[in-house]
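A.B. asks: One file is attached below, model09.txt, containing compact mmCIF, C-alpha atoms.
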```txt
# COMPACT_ATOMS: atom_id res chain seq x y z
CA MET A 272 -23.54 -2.35 -23.08
CA GLU A 273 -20.77 -0.22 -21.62
CA LYS A 274 -17.15 -1.07 -20.89
CA GLY A 275 -15.48 -0.56 -17.54
CA ILE A 276 -12.85 -1.77 -15.07
CA VAL A 277 -13.60 -3.69 -11.88
CA CYS A 278 -12.28 -1.63 -8.95
CA ALA A 279 -13.33 -3.93 -6.13
CA GLY A 280 -15.41 -7.00 -5.44
CA TYR A 281 -16.95 -8.39 -2.26
CA GLY A 282 -20.03 -10.41 -1.34
CA GLY A 283 -21.03 -10.99 -4.96
CA PHE A 284 -21.05 -7.26 -5.80
CA TYR A 285 -18.53 -5.43 -7.98
CA GLN A 286 -17.70 -1.74 -8.19
CA VAL A 287 -17.05 -0.96 -11.86
CA ALA A 288 -15.53 2.29 -13.11
CA LEU A 289 -17.20 3.04 -16.44
CA ALA A 290 -15.34 4.61 -19.34
CA GLY A 291 -17.06 7.95 -18.71
CA GLY A 292 -15.88 8.07 -15.10
CA ALA A 293 -19.06 7.00 -13.29
CA MET A 294 -18.91 4.20 -10.69
CA LEU A 295 -21.53 1.45 -10.99
CA CYS A 296 -22.39 -1.27 -8.46
CA CYS A 297 -22.89 -4.54 -10.36
CA THR A 298 -23.72 -8.18 -9.92
CA ALA A 299 -22.47 -10.82 -12.37
CA ARG A 300 -24.01 -13.46 -14.58
CA GLY A 301 -23.52 -16.94 -13.16
CA LYS A 302 -22.02 -18.14 -16.44
CA LEU A 303 -19.06 -15.79 -15.98
CA LYS A 304 -17.83 -17.57 -12.87
CA ARG A 305 -18.22 -20.94 -14.56
CA ARG A 306 -16.25 -19.67 -17.56
CA PHE A 307 -13.53 -17.58 -15.87
CA GLY A 308 -13.45 -19.00 -12.33
CA ALA A 309 -13.63 -15.57 -10.71
CA ILE A 310 -13.84 -11.86 -11.42
CA TYR A 311 -10.83 -9.91 -10.20
CA ALA A 312 -10.08 -6.27 -9.50
CA GLY A 313 -8.54 -4.90 -12.67
CA ASP A 314 -10.67 -7.00 -15.00
CA ARG A 315 -11.92 -5.13 -18.06
CA VAL A 316 -15.59 -5.93 -18.38
CA GLU A 317 -18.73 -5.25 -20.38
CA VAL A 318 -21.76 -4.35 -18.27
CA GLU A 319 -25.45 -3.85 -18.85
CA CYS A 320 -26.61 -0.70 -17.05
CA LEU A 321 -29.94 -1.01 -15.21
CA ALA A 322 -32.01 1.48 -13.27
CA ASP A 323 -30.66 0.30 -9.91
CA GLY A 324 -27.13 -0.78 -10.85
CA GLY A 325 -25.66 -3.06 -13.47
CA VAL A 326 -24.79 -6.61 -14.50
CA VAL A 327 -21.35 -7.80 -15.62
CA GLU A 328 -22.01 -9.62 -18.88
CA ASN A 329 -18.47 -10.36 -20.12
CA ILE A 330 -14.81 -10.27 -19.10
CA LEU A 331 -12.47 -9.07 -21.81
CA PRO A 332 -9.10 -10.83 -22.43
CA ARG A 333 -6.54 -10.24 -19.68
CA ASP A 334 -3.01 -8.98 -20.22
CA ASN A 335 -1.91 -10.76 -17.04
CA LEU A 336 -3.28 -12.08 -13.77
CA LEU A 337 -1.54 -12.02 -10.40
CA LEU A 338 -2.85 -14.40 -7.76
CA ARG A 339 -0.98 -12.83 -4.83
CA PRO A 340 -2.19 -10.13 -4.74
CA LYS A 341 -5.28 -11.04 -6.80
CA VAL A 342 -5.47 -8.40 -9.52
CA ALA A 343 -5.60 -8.40 -13.33
CA ASN A 344 -4.15 -6.25 -16.12
CA VAL A 345 -1.34 -4.67 -14.09
CA ARG A 346 1.16 -2.39 -15.87
CA ARG A 347 3.42 -1.40 -12.96
CA ALA A 348 4.08 -2.76 -9.46
CA ILE A 349 5.44 -0.54 -6.69
CA LEU A 350 7.17 -3.16 -4.54
CA VAL A 351 7.29 -1.78 -1.01
CA GLN A 352 9.64 -2.79 1.79
CA ALA A 353 10.16 -1.05 5.13
CA LEU A 354 13.67 -0.29 6.33
CA ARG A 355 12.55 -1.00 9.90
CA ASP A 356 9.50 -2.18 11.84
CA PRO A 357 9.09 -4.67 10.18
CA ALA A 358 12.57 -5.50 8.89
CA TYR A 359 13.05 -5.61 5.13
CA ASP A 360 13.19 -8.95 3.29
CA LEU A 361 15.27 -8.78 0.09
CA PHE A 362 14.60 -12.44 -0.75
CA LEU A 363 10.85 -11.77 -0.82
CA LEU A 364 11.46 -8.56 -2.74
CA GLU A 365 13.45 -10.33 -5.45
CA LYS A 366 10.85 -13.08 -5.77
CA MET A 367 8.31 -10.29 -6.31
CA ILE A 368 10.55 -8.81 -9.03
CA VAL A 369 10.78 -12.22 -10.73
CA VAL A 370 6.98 -12.64 -10.71
CA ALA A 371 6.40 -9.08 -11.97
CA LEU A 372 8.80 -9.44 -14.88
CA GLN A 373 7.42 -12.87 -15.77
CA GLN A 374 3.97 -11.24 -16.07
CA GLY A 375 5.26 -8.33 -18.16
CA ILE A 376 4.88 -5.87 -15.27
CA SER A 377 7.31 -2.98 -14.75
CA PRO A 378 8.68 -3.05 -11.16
CA PHE A 379 9.42 0.06 -9.10
CA ILE A 380 11.26 -0.68 -5.85
CA CYS A 381 10.32 1.47 -2.85
CA PHE A 382 11.99 1.43 0.57
CA ASN A 383 9.68 3.15 3.06
CA LYS A 384 10.41 4.64 6.50
CA GLY A 385 13.50 6.38 5.13
CA ASP A 386 13.28 8.88 7.99
CA LEU A 387 14.30 6.04 10.35
CA GLU A 388 17.21 4.66 8.30
CA PRO A 389 18.22 7.19 5.59
CA VAL A 390 21.76 5.86 5.05
CA LEU A 391 20.59 2.25 4.79
CA GLY A 392 17.80 3.33 2.44
CA GLU A 393 20.20 4.98 0.00
CA LYS A 394 22.53 1.97 0.16
CA LEU A 395 19.74 -0.45 -0.77
CA CYS A 396 18.37 1.86 -3.47
CA GLY A 397 21.85 2.08 -4.98
CA LEU A 398 22.08 -1.71 -5.07
CA TYR A 399 18.92 -2.01 -7.19
CA ARG A 400 19.58 1.04 -9.33
CA ARG A 401 22.97 -0.40 -10.30
CA ALA A 402 21.13 -3.58 -11.29
CA GLY A 403 18.96 -1.50 -13.65
CA PHE A 404 15.76 -1.02 -11.63
CA ALA A 405 13.92 2.17 -10.72
CA ALA A 406 14.07 2.59 -6.95
CA ALA A 407 13.37 5.20 -4.29
CA VAL A 408 13.68 5.63 -0.53
CA VAL A 409 10.71 7.50 0.96
CA SER A 410 8.88 8.41 4.13
CA ALA A 411 5.19 7.94 3.44
CA VAL A 412 4.27 9.47 6.81
CA ASP A 413 5.55 12.96 5.92
CA GLY A 414 5.79 12.61 2.12
CA TRP A 415 9.59 12.87 1.95
CA GLY A 416 10.92 11.34 -1.28
CA VAL A 417 7.47 10.47 -2.64
CA ASP A 418 7.56 11.33 -6.37
CA ALA A 419 4.16 10.53 -7.87
CA GLY A 420 5.39 11.34 -11.37
CA ALA A 421 8.11 8.69 -11.20
CA MET A 422 6.09 6.07 -9.36
CA LEU A 423 2.97 6.41 -11.51
CA ALA A 424 4.72 6.79 -14.85
CA GLU A 425 2.70 4.05 -16.56
CA ASP A 426 -0.84 4.46 -17.88
CA GLY A 427 -3.21 1.76 -16.70
CA ILE A 428 -3.10 -0.06 -13.35
CA THR A 429 -0.28 0.37 -10.82
CA ILE A 430 -0.37 -1.77 -7.68
CA LEU A 431 1.26 -1.35 -4.28
CA ALA A 432 2.50 -4.76 -3.15
CA GLY A 433 4.53 -6.01 -0.22
CA PRO A 434 4.34 -7.39 3.32
CA SER A 435 1.91 -6.11 5.94
CA GLY A 436 3.03 -3.11 7.93
CA VAL A 437 5.50 -1.66 5.42
CA GLY A 438 3.30 1.39 4.81
CA LYS A 439 1.47 0.63 1.57
CA SER A 440 -1.74 2.31 2.72
CA SER A 441 0.15 5.38 3.95
CA LEU A 442 1.93 5.57 0.61
CA LEU A 443 -1.40 5.16 -1.19
CA ASN A 444 -2.75 8.15 0.70
CA ARG A 445 0.24 10.21 -0.43
CA LEU A 446 -0.07 9.18 -4.07
CA CYS A 447 -3.87 9.28 -4.15
CA PRO A 448 -5.32 11.39 -1.29
CA GLU A 449 -8.83 10.57 -2.50
CA SER A 450 -8.43 6.98 -1.32
CA GLN A 451 -8.53 7.78 2.41
CA ALA A 452 -7.10 4.32 3.03
CA GLN A 453 -7.09 2.98 6.55
CA VAL A 454 -3.61 2.99 8.09
CA GLY A 455 -2.84 0.26 10.60
CA ASP A 456 -0.46 -0.01 13.51
CA ILE A 457 2.42 -2.43 13.67
CA SER A 458 2.12 -5.50 15.86
CA ALA A 459 5.22 -5.19 18.06
CA LYS A 460 4.90 -8.77 19.22
CA LEU A 461 4.88 -10.34 15.74
CA GLN A 462 6.95 -7.63 13.99
CA ARG A 463 4.49 -7.58 11.13
CA GLY A 464 1.63 -5.31 10.27
CA LYS A 465 -2.00 -5.87 11.03
CA HIS A 466 -3.91 -6.67 7.86
CA THR A 467 -5.75 -3.39 7.46
CA THR A 468 -6.24 -3.90 3.71
CA ARG A 469 -8.46 -6.96 3.26
CA TYR A 470 -9.33 -6.70 -0.43
CA VAL A 471 -7.67 -5.36 -3.55
CA THR A 472 -9.18 -1.95 -4.29
CA LEU A 473 -8.44 0.21 -7.33
CA TYR A 474 -8.62 4.00 -7.11
CA PRO A 475 -8.92 6.00 -10.37
CA LEU A 476 -6.49 8.92 -10.37
CA PRO A 477 -8.11 12.26 -11.25
CA ASN A 478 -7.69 13.58 -14.79
CA SER A 479 -5.65 10.62 -16.02
CA ARG A 480 -5.86 7.14 -17.52
CA ARG A 481 -4.23 5.65 -14.45
CA MET A 482 -5.50 3.64 -11.50
CA LEU A 483 -3.70 2.82 -8.25
CA ALA A 484 -4.40 -0.34 -6.25
CA ASP A 485 -3.84 -1.06 -2.58
CA THR A 486 -3.43 -4.77 -1.82
CA PRO A 487 -3.45 -7.03 1.26
CA GLY A 488 -0.02 -7.69 2.73
CA PHE A 489 1.76 -11.04 2.52
CA SER A 490 4.97 -12.47 3.97
CA LEU A 491 5.29 -15.50 1.67
CA LEU A 492 5.14 -15.73 -2.11
CA ASP A 493 4.98 -18.91 -4.19
CA LEU A 494 6.80 -18.81 -7.49
CA PRO A 495 4.54 -19.43 -10.51
CA ALA A 496 4.50 -22.84 -12.16
CA GLY A 497 6.57 -23.16 -15.31
CA LEU A 498 9.04 -20.42 -14.34
CA SER A 499 12.21 -20.89 -16.40
CA GLN A 500 15.86 -20.17 -15.62
CA GLN A 501 15.79 -17.40 -18.23
CA GLN A 502 12.82 -15.76 -16.53
CA VAL A 503 14.60 -15.87 -13.17
CA GLN A 504 17.68 -14.30 -14.75
CA THR A 505 15.67 -11.33 -16.05
CA ALA A 506 15.54 -10.17 -12.42
CA TYR A 507 19.37 -10.09 -12.40
CA PRO A 508 20.35 -8.06 -15.48
CA GLU A 509 23.70 -7.15 -13.93
CA PHE A 510 24.83 -10.77 -14.57
CA ALA A 511 24.82 -10.19 -18.35
CA PRO A 512 28.52 -9.22 -18.82
CA TRP A 513 29.60 -12.53 -17.26
CA THR A 514 27.14 -15.04 -18.74
CA ASP A 515 29.52 -16.43 -21.41
CA CYS A 516 30.50 -19.28 -19.09
CA ARG A 517 32.50 -22.37 -19.92
CA PHE A 518 29.42 -24.49 -20.57
CA GLN A 519 26.44 -23.44 -22.68
CA GLY A 520 23.26 -23.30 -20.61
CA CYS A 521 25.20 -22.76 -17.37
CA LEU A 522 22.83 -22.33 -14.43
CA HIS A 523 25.45 -20.28 -12.52
CA LEU A 524 25.23 -22.56 -9.50
CA ARG A 525 28.02 -25.15 -9.14
CA GLU A 526 29.19 -25.58 -12.74
CA PRO A 527 32.99 -25.41 -13.30
CA GLY A 528 34.18 -22.34 -15.17
CA CYS A 529 31.11 -20.26 -14.23
CA ARG A 530 32.04 -16.61 -14.72
CA VAL A 531 28.94 -15.33 -12.92
CA ARG A 532 29.84 -17.17 -9.70
CA GLN A 533 33.44 -16.01 -10.05
CA ALA A 534 32.30 -12.41 -10.52
CA ALA A 535 30.28 -12.66 -7.30
CA GLU A 536 33.29 -14.04 -5.43
CA ASN A 537 35.43 -11.18 -6.78
CA GLY A 538 32.88 -8.53 -5.76
CA GLU A 539 32.05 -7.56 -9.35
CA ILE A 540 28.49 -8.78 -8.72
CA ASP A 541 26.83 -8.19 -5.36
CA GLU A 542 27.27 -11.42 -3.38
CA GLY A 543 23.85 -11.11 -1.71
CA ARG A 544 22.10 -10.69 -5.05
CA TYR A 545 23.91 -13.74 -6.39
CA GLN A 546 22.99 -15.86 -3.35
CA ARG A 547 19.31 -14.86 -3.64
CA TYR A 548 19.36 -15.71 -7.37
CA ALA A 549 20.74 -19.17 -6.53
CA ALA A 550 18.09 -19.72 -3.84
CA ILE A 551 15.23 -18.69 -6.15
CA LEU A 552 16.54 -20.92 -8.93
CA ARG A 553 16.81 -23.87 -6.54
CA GLN A 554 13.20 -23.31 -5.44
CA THR A 555 12.20 -23.36 -9.11
CA GLN A 556 14.07 -26.63 -9.67
CA GLU A 557 12.57 -28.24 -6.56
CA ARG A 558 9.09 -27.30 -7.73
CA GLU A 559 9.72 -28.90 -11.13
CA GLU A 560 10.95 -32.13 -9.51
CA LYS A 561 7.77 -32.58 -7.42
```
Write the structure described by the file as structure tokens, please.

C.D. replies:
Amino acid sequence: MEKGIVCAGYGGFYQVALAGGAMLCCTARGKLKRRFGAIYAGDRVEVECLADGGVVENILPRDNLLLRPKVANVRRAILVQALRDPAYDLFLLEKMIVVALQQGISPFICFNKGDLEPVLGEKLCGLYRRAGFAAAVVSAVDGWGVDAGAMLAEDGITILAGPSGVGKSSLLNRLCPESQAQVGDISAKLQRGKHTTRYVTLYPLPNSRRMLADTPGFSLLDLPAGLSQQQVQTAYPEFAPWTDCRFQGCLHLREPGCRVRQAAENGEIDEGRYQRYAAILRQTQEREEK
């Protein structure tokens, strides 16, 4: 048997990139679905090669598994927002950061359509860089600001994730011209993109150990079950200098003597970042209470 990585799956067939670089169209043993529930793009698999294709015989242990978008063994996530058309959503972005960090995935924040709002783009990038995250403002249409070396710095699988219409497929075509991804128009009526990407598809990058994945867009994101306060706080590393609050285990919400909340009121912590932290933590608490 040979080892490979599932690049796409649809209609019971799976495109598997073999270790030697060849692409093999496979079916799967029925026992695999009973054992694992599903086979996802990014799964490392063992396949039996046949004359007319192959059969997936085993799924190797996963490093992580995202369910929105559905992809396994991700090393880095390029989290894409548009500065305009559709409007950016920092609350969704920060929920994506929380999920990525909880899964051990390195986030890279990308604000696209920088040609339309360059000043705003630099302002938002500065906000996240000061918090300790890698960030860039780009124009995927003409390639301005697109630094493949910085965005694809991790070996393994990098995904493009974000709402519909923010330019993920255009950015994919800049980072991996071989993909020839379909680029969709924006629905002016709904102010969201048409879902041009319907399945997760991985594209091996030439002469490297890296793969880049385009993913379907989404406007809502459920937080994972069992998410802890500490895991939420990892998305807000700039809070660290003020976390020695009056009470041990302070949630930084309404507790008296909370230095984090005071720092936000004094402008030492970005007030918007603090408010989004509080909203995400409340969503986590509400989920636990159900």

A.B. asks: Applying 8 Å and only C-alpha atoms, which residues near Tyr507 in chain A remain after dropping the ones on its own chain fewer than 4 positions away? List them as a PDB file with C-alpha atoms, in the coordinates of the input.

C.D. replies:
```pdb
ATOM      1  CA  ALA A 402      21.130  -3.580 -11.290  1.00  0.00           C
ATOM      2  CA  VAL A 503      14.600 -15.870 -13.170  1.00  0.00           C
ATOM      3  CA  ARG A 544      22.100 -10.690  -5.050  1.00  0.00           C
ATOM      4  CA  TYR A 548      19.360 -15.710  -7.370  1.00  0.00           C
TER       5      TYR A 548
END
```

A.B. asks: Could you give me, as a ChimeraX atom specification, the residues within 7 Å of Gly438 in chain A, counting only C-alpha atoms and dropping anything in the same chain fewer than 3 positions from it?

C.D. replies: /A:383,411,441-442

A.B. asks: Which residues are close to Phe518 in chain A, i.e. within 9 Å by all atoms listed in the file, leaving aside same-chain residues fewer than 6 positions away? Reply as a ChimeraX atom specification.

C.D. replies: /A:526-529

A.B. asks: Go through A:Ala534, A:Leu552, A:Arg481, A:Asp426 one by one, measure the shortest atom-to-atom distance of each to Thr514 in chain A using only C-alpha atoms, and give the residue with the smallest value.

C.D. replies: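 Among A:Ala534, A:Leu552, A:Arg481, A:Asp426, it is A:Ala534 that comes nearest to Thr514 in chain A.
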
A.B. asks: Residues within 8 Å of Cys381 in chain A, please, as a list in words. Count all atoms listed in the file; anything in the same chain fewer than 6 positions from it doesn't count.

C.D. replies: Ile349, Leu350, Val351, Gln352, Ala406, Ala407, Val408 and Val409 of chain A

A.B. asks: In terms of the shortest atom-to-atom distance over only C-alpha atoms, which of A:Ala358, A:Leu473, A:Val318, A:Ala312 is closest to Ala290 in chain A?

C.D. replies: A:Val318

A.B. asks: From the set A:Gly313, A:Gly392, A:Gly308, A:Pro487, which residue has the shortest atom-to-atom contact distance to Tyr285 in chain A, counting all atoms listed in the file?

C.D. replies: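 Looking only at the distances to Tyr285 in chain A, the closest residue turns out to be A:Gly313.
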
A.B. asks: Would you fill out range 503-514 of chain A with all heavy atoms and return it as a short mmCIF file (atom, residue, chain, number, x, y, z; two decimals), in the coordinates of the input?

C.D. replies:
```cif
data_model
loop_
_atom_site.label_atom_id
_atom_site.label_comp_id
_atom_site.auth_asym_id
_atom_site.auth_seq_id
_atom_site.Cartn_x
_atom_site.Cartn_y
_atom_site.Cartn_z
N VAL A 503 13.97 -16.25 -14.43
CA VAL A 503 14.60 -15.87 -13.17
C VAL A 503 15.75 -14.89 -13.44
O VAL A 503 15.90 -13.88 -12.74
CB VAL A 503 15.11 -17.11 -12.41
CG1 VAL A 503 15.90 -16.68 -11.16
CG2 VAL A 503 13.95 -18.01 -12.02
N GLN A 504 16.53 -15.15 -14.46
CA GLN A 504 17.68 -14.30 -14.75
C GLN A 504 17.30 -12.90 -15.17
O GLN A 504 18.11 -11.97 -15.03
CB GLN A 504 18.56 -14.96 -15.83
CG GLN A 504 19.35 -16.15 -15.32
CD GLN A 504 20.32 -16.69 -16.37
OE1 GLN A 504 20.37 -16.20 -17.49
NE2 GLN A 504 21.07 -17.71 -16.00
N THR A 505 16.07 -12.69 -15.67
CA THR A 505 15.67 -11.33 -16.05
C THR A 505 15.64 -10.40 -14.84
O THR A 505 15.74 -9.18 -14.98
CB THR A 505 14.27 -11.32 -16.71
OG1 THR A 505 13.29 -11.84 -15.80
CG2 THR A 505 14.26 -12.11 -18.00
N ALA A 506 15.52 -10.97 -13.63
CA ALA A 506 15.54 -10.17 -12.42
C ALA A 506 16.97 -9.82 -11.98
O ALA A 506 17.15 -9.10 -11.00
CB ALA A 506 14.82 -10.89 -11.28
N TYR A 507 17.97 -10.31 -12.73
CA TYR A 507 19.37 -10.09 -12.40
C TYR A 507 20.13 -9.64 -13.65
O TYR A 507 21.09 -10.29 -14.09
CB TYR A 507 19.98 -11.37 -11.80
CG TYR A 507 19.26 -11.78 -10.54
CD1 TYR A 507 18.12 -12.57 -10.59
CD2 TYR A 507 19.69 -11.31 -9.30
CE1 TYR A 507 17.43 -12.91 -9.43
CE2 TYR A 507 19.00 -11.64 -8.14
CZ TYR A 507 17.87 -12.44 -8.21
OH TYR A 507 17.19 -12.76 -7.06
N PRO A 508 19.73 -8.50 -14.22
CA PRO A 508 20.35 -8.06 -15.48
C PRO A 508 21.83 -7.73 -15.34
O PRO A 508 22.56 -7.73 -16.35
CB PRO A 508 19.54 -6.81 -15.85
CG PRO A 508 18.94 -6.33 -14.56
CD PRO A 508 18.68 -7.57 -13.77
N GLU A 509 22.29 -7.47 -14.12
CA GLU A 509 23.70 -7.15 -13.93
C GLU A 509 24.61 -8.35 -14.15
O GLU A 509 25.84 -8.21 -14.23
CB GLU A 509 23.94 -6.56 -12.53
CG GLU A 509 23.80 -7.53 -11.37
CD GLU A 509 22.39 -7.65 -10.80
OE1 GLU A 509 21.43 -7.57 -11.60
OE2 GLU A 509 22.25 -7.83 -9.58
N PHE A 510 24.04 -9.58 -14.28
CA PHE A 510 24.83 -10.77 -14.57
C PHE A 510 25.30 -10.79 -16.03
O PHE A 510 26.24 -11.51 -16.37
CB PHE A 510 24.02 -12.04 -14.32
CG PHE A 510 23.71 -12.33 -12.88
CD1 PHE A 510 24.03 -11.44 -11.86
CD2 PHE A 510 23.10 -13.53 -12.53
CE1 PHE A 510 23.74 -11.71 -10.53
CE2 PHE A 510 22.80 -13.82 -11.21
CZ PHE A 510 23.12 -12.92 -10.20
N ALA A 511 24.64 -10.05 -16.90
CA ALA A 511 24.82 -10.19 -18.35
C ALA A 511 26.27 -10.15 -18.81
O ALA A 511 26.67 -10.95 -19.68
CB ALA A 511 24.00 -9.13 -19.08
N PRO A 512 27.13 -9.25 -18.31
CA PRO A 512 28.52 -9.22 -18.82
C PRO A 512 29.32 -10.48 -18.54
O PRO A 512 30.39 -10.66 -19.12
CB PRO A 512 29.12 -8.00 -18.09
CG PRO A 512 27.95 -7.15 -17.69
CD PRO A 512 26.87 -8.14 -17.39
N TRP A 513 28.82 -11.35 -17.66
CA TRP A 513 29.60 -12.53 -17.26
C TRP A 513 28.91 -13.85 -17.62
O TRP A 513 29.28 -14.90 -17.10
CB TRP A 513 29.85 -12.49 -15.75
CG TRP A 513 30.79 -11.40 -15.35
CD1 TRP A 513 32.16 -11.43 -15.36
CD2 TRP A 513 30.43 -10.09 -14.88
NE1 TRP A 513 32.67 -10.24 -14.93
CE2 TRP A 513 31.63 -9.38 -14.62
CE3 TRP A 513 29.22 -9.45 -14.64
CZ2 TRP A 513 31.66 -8.08 -14.15
CZ3 TRP A 513 29.24 -8.15 -14.17
CH2 TRP A 513 30.45 -7.48 -13.93
N THR A 514 27.91 -13.82 -18.48
CA THR A 514 27.14 -15.04 -18.74
C THR A 514 27.75 -15.94 -19.82
O THR A 514 27.18 -16.99 -20.12
CB THR A 514 25.68 -14.69 -19.14
OG1 THR A 514 25.70 -13.73 -20.19
CG2 THR A 514 24.92 -14.16 -17.94
#
```
